[in-house]
>>> print(open('entry.csv').read())   # CSV, C-alpha atoms
chain,number,residue,atom,x,y,z
X,1,MET,CA,11.8,11.0,20.1
X,2,LYS,CA,11.0,8.0,17.9
X,3,LYS,CA,10.3,8.7,14.3
X,4,GLN,CA,6.6,8.1,13.9
X,5,THR,CA,4.9,7.5,10.6
X,6,GLY,CA,1.3,6.9,9.4
X,7,ILE,CA,0.3,5.6,6.0
X,8,TRP,CA,-3.2,5.8,4.5
X,9,ILE,CA,-3.3,3.4,1.6
X,10,ASP,CA,-5.6,2.0,-1.0
X,11,THR,CA,-5.2,0.8,-4.6
X,12,LYS,CA,-5.0,4.3,-6.1
X,13,LYS,CA,-2.5,6.1,-3.8
X,14,ALA,CA,-0.6,6.0,-0.5
X,15,VAL,CA,-0.3,9.1,1.7
X,16,ILE,CA,2.6,8.9,4.1
X,17,VAL,CA,2.7,11.2,7.1
X,18,PHE,CA,6.1,11.6,8.8
X,19,LEU,CA,5.8,13.2,12.2
X,20,ASP,CA,8.5,15.3,13.8
X,21,LYS,CA,8.6,17.0,17.2
X,22,SER,CA,6.4,19.9,16.1
X,23,ASP,CA,5.8,19.5,12.4
X,24,HIS,CA,4.9,16.9,9.8
X,25,MET,CA,5.9,16.0,6.3
X,26,LEU,CA,3.6,14.5,3.6
X,27,LYS,CA,4.5,12.3,0.7
X,28,THR,CA,2.0,10.9,-1.8
X,29,ILE,CA,2.8,7.8,-3.9
X,30,GLU,CA,0.5,7.1,-6.8
X,31,SER,CA,0.0,3.5,-7.9
X,32,ASN,CA,0.0,2.3,-11.5
X,33,ILE,CA,-2.4,-0.5,-10.8
X,34,GLU,CA,-4.9,-0.9,-13.7
X,35,SER,CA,-8.4,-1.7,-12.6
X,36,ARG,CA,-9.6,-2.8,-16.0
X,37,GLU,CA,-7.2,-4.1,-18.6
X,38,ARG,CA,-7.8,-5.6,-22.0
X,39,ILE,CA,-5.2,-7.8,-23.4
X,40,PRO,CA,-4.7,-7.5,-27.2
X,41,GLY,CA,-6.2,-10.5,-29.0
X,42,GLU,CA,-8.6,-11.3,-26.2
X,43,THR,CA,-11.7,-12.6,-27.8
X,44,LYS,CA,-12.6,-15.9,-26.3
X,45,LEU,CA,-12.2,-17.2,-22.8
X,46,LEU,CA,-9.9,-19.9,-24.0
X,47,THR,CA,-7.6,-20.0,-27.0
X,48,ARG,CA,-6.1,-23.2,-28.3
X,49,PHE,CA,-2.4,-23.6,-29.1
X,50,GLY,CA,-1.8,-27.3,-30.0
X,51,ASN,CA,-2.8,-29.3,-26.9
X,52,GLN,CA,-2.6,-26.3,-24.6
X,53,PHE,CA,-5.3,-23.8,-23.6
X,54,LEU,CA,-4.5,-20.2,-22.6
X,55,ASN,CA,-6.6,-18.4,-20.1
X,56,PHE,CA,-6.4,-14.6,-20.2
X,57,GLU,CA,-7.8,-14.3,-16.7
X,58,LYS,CA,-4.7,-16.0,-15.2
X,59,LYS,CA,-2.5,-13.6,-17.2
X,60,LYS,CA,-4.5,-10.6,-15.9
X,61,GLU,CA,-4.2,-11.8,-12.3
X,62,ASN,CA,-0.5,-12.3,-12.6
X,63,HIS,CA,-0.1,-8.8,-14.1
X,64,ARG,CA,-2.2,-7.2,-11.3
X,65,ALA,CA,-0.2,-9.1,-8.7
X,66,ASN,CA,3.1,-7.8,-10.1
X,67,GLU,CA,1.7,-4.2,-10.2
X,68,ILE,CA,0.6,-4.5,-6.5
X,69,ARG,CA,4.0,-5.9,-5.5
X,70,GLU,CA,5.8,-3.0,-7.3
X,71,TYR,CA,3.5,-0.4,-5.7
X,72,LEU,CA,4.0,-1.8,-2.2
X,73,LYS,CA,7.7,-1.9,-2.8
X,74,LYS,CA,7.7,1.8,-3.6
X,75,VAL,CA,5.9,2.5,-0.3
X,76,THR,CA,8.2,0.4,1.8
X,77,ASN,CA,11.3,2.1,0.3
X,78,GLU,CA,10.1,5.4,1.9
X,79,LEU,CA,10.2,3.9,5.4
X,80,ASN,CA,13.9,3.8,5.9
X,81,ASP,CA,14.0,6.3,8.8
X,82,THR,CA,10.9,5.1,10.6
X,83,ASP,CA,10.7,3.6,14.1
X,84,GLU,CA,6.9,3.3,14.6
X,85,LEU,CA,4.2,2.9,12.0
X,86,VAL,CA,0.4,2.9,11.8
X,87,LEU,CA,-1.4,1.7,8.7
X,88,ILE,CA,-4.9,2.9,7.8
X,89,GLY,CA,-7.1,2.6,4.8
X,90,PRO,CA,-10.5,1.6,3.4
X,91,ALA,CA,-9.5,-1.7,1.7
X,92,SER,CA,-7.3,-4.8,2.2
X,93,MET,CA,-4.2,-3.1,0.7
X,94,LYS,CA,-3.1,-2.1,4.3
X,95,LYS,CA,-3.1,-5.8,5.2
X,96,GLU,CA,-0.9,-6.6,2.2
X,97,LEU,CA,1.5,-3.8,3.1
X,98,GLU,CA,1.6,-5.2,6.7
X,99,LYS,CA,2.6,-8.7,5.4
X,100,ILE,CA,5.4,-7.2,3.2
X,101,ILE,CA,6.8,-5.1,6.1
X,102,LEU,CA,6.7,-8.1,8.5
X,103,LYS,CA,8.6,-10.3,6.0
X,104,ASP,CA,11.3,-7.6,5.5
X,105,THR,CA,13.9,-8.3,8.2
X,106,THR,CA,16.2,-5.4,7.1
X,107,LYS,CA,13.8,-2.8,8.6
X,108,SER,CA,13.6,-2.5,12.4
X,109,LEU,CA,10.3,-0.7,12.6
X,110,VAL,CA,7.3,-1.5,14.8
X,111,ILE,CA,3.8,-1.6,13.5
X,112,LYS,CA,1.7,0.0,16.1
X,113,GLY,CA,-1.6,-0.7,14.5
X,114,VAL,CA,-3.6,-1.5,11.4
X,115,GLU,CA,-6.9,0.4,11.5
X,116,PRO,CA,-9.9,0.7,9.1
X,117,ALA,CA,-10.5,4.2,7.8
X,118,GLU,CA,-12.7,5.7,5.0
X,119,SER,CA,-11.5,8.1,2.3
X,120,MET,CA,-9.9,11.2,3.8
X,121,THR,CA,-8.3,14.4,2.7
X,122,GLU,CA,-4.6,14.9,3.4
X,123,ASN,CA,-5.4,17.2,6.4
X,124,GLN,CA,-7.7,14.6,7.9
X,125,ILE,CA,-5.0,12.0,7.5
X,126,VAL,CA,-2.5,14.2,9.3
X,127,ALA,CA,-4.9,14.9,12.1
X,128,TRP,CA,-5.8,11.2,12.5
X,129,VAL,CA,-2.1,10.1,12.7
X,130,LYS,CA,-1.3,12.9,15.2
X,131,THR,CA,-4.3,11.9,17.4
X,132,TYR,CA,-3.4,8.2,17.2
X,133,TYR,CA,0.1,8.7,18.4
X,134,GLN,CA,-1.0,11.2,21.1
X,135,ASN,CA,-3.5,8.7,22.5
X,136,LYS,CA,-0.9,5.8,22.4
X,137,ASN,CA,1.6,7.8,24.5
>>> encode(input="entry.csv", output="structure tokens")
Amino acid sequence: MKKQTGIWIDTKKAVIVFLDKSDHMLKTIESNIESRERIPGETKLLTRFGNQFLNFEKKKENHRANEIREYLKKVTNELNDTDELVLIGPASMKKELEKIILKDTTKSLVIKGVEPAESMTENQIVAWVKTYYQNKN
């Protein structure tokens, strides 16, 4: 039997469901992505240093992009023993994860689907993933 996995992901956490022949295993990964961040010394939109201007918004965007990259790296590190994968979630984070998985040539897993889903409890996520793979087979 192929090792099947489902991931429900958004910017706060990722719930990974590993399916076995008769049982399942859950793993939750919390993200450290800050939704609102204040940079010390941030008073004006632009601050002047000689002939240069510093934009705090660009610094925030770079910081958030780094946090997202680290979060998705943690999630992909859990997929070493997976053959088939389905990604679900309410936001665009599932698409970002799909891009990273497709770029990674070291993993030989197949993405079976990327589906929209609202917020769910862990039991609902497990039931959704089991139903998805039963309907696909």
>>> residues_near_point(input="entry.csv", point="(-6.4, 11.9, 3.5)", cutoff="12 Å", atoms="only C-alpha atoms", output="count of residues only")
29
>>> atom_distance(input="entry.csv", atom1="atom CA of Val114 of chain X", atom2="atom CA of Leu85 of chain X")
9.0 Å
>>> closest_residue(input="entry.csv", among="X:Thr76, X:Lys59, X:Val86, X:Ala65", to="Lys3 of chain X", atoms="only C-alpha atoms")
X:Val86
>>> residues_around(input="entry.csv", residues="Thr106 of chain X", least_positions_apart="5", cutoff="12 Å", atoms="all atoms listed in the file", output="MDAnalysis selection string")
chainID X and resid 76:77 79:80 100:101
>>> atom_distance(input="entry.csv", atom1="atom CA of Leu87 of chain X", atom2="atom CA of Lys112 of chain X")
8.2 Å
>>> atom_distance(input="entry.csv", atom1="atom CA of Ser92 of chain X", atom2="atom CA of Arg69 of chain X")
13.7 Å
>>> residues_around(input="entry.csv", residues="Leu109 of chain X", least_positions_apart="2", cutoff="8 Å", atoms="all atoms listed in the file", output="number ranges by chain")
X: 82-85, 107, 111
>>> write_last_selection(input="entry.csv", atoms="C-alpha atoms", output="CSV table (one decimal), in the coordinates of the input")
chain,number,residue,atom,x,y,z
X,82,THR,CA,10.9,5.1,10.6
X,83,ASP,CA,10.7,3.6,14.1
X,84,GLU,CA,6.9,3.3,14.6
X,85,LEU,CA,4.2,2.9,12.0
X,107,LYS,CA,13.8,-2.8,8.6
X,111,ILE,CA,3.8,-1.6,13.5
>>> closest_residue(input="entry.csv", among="X:Ser108, X:Thr11, X:Ala91, X:Lys103", to="Arg64 of chain X", atoms="all atoms listed in the file")
X:Thr11
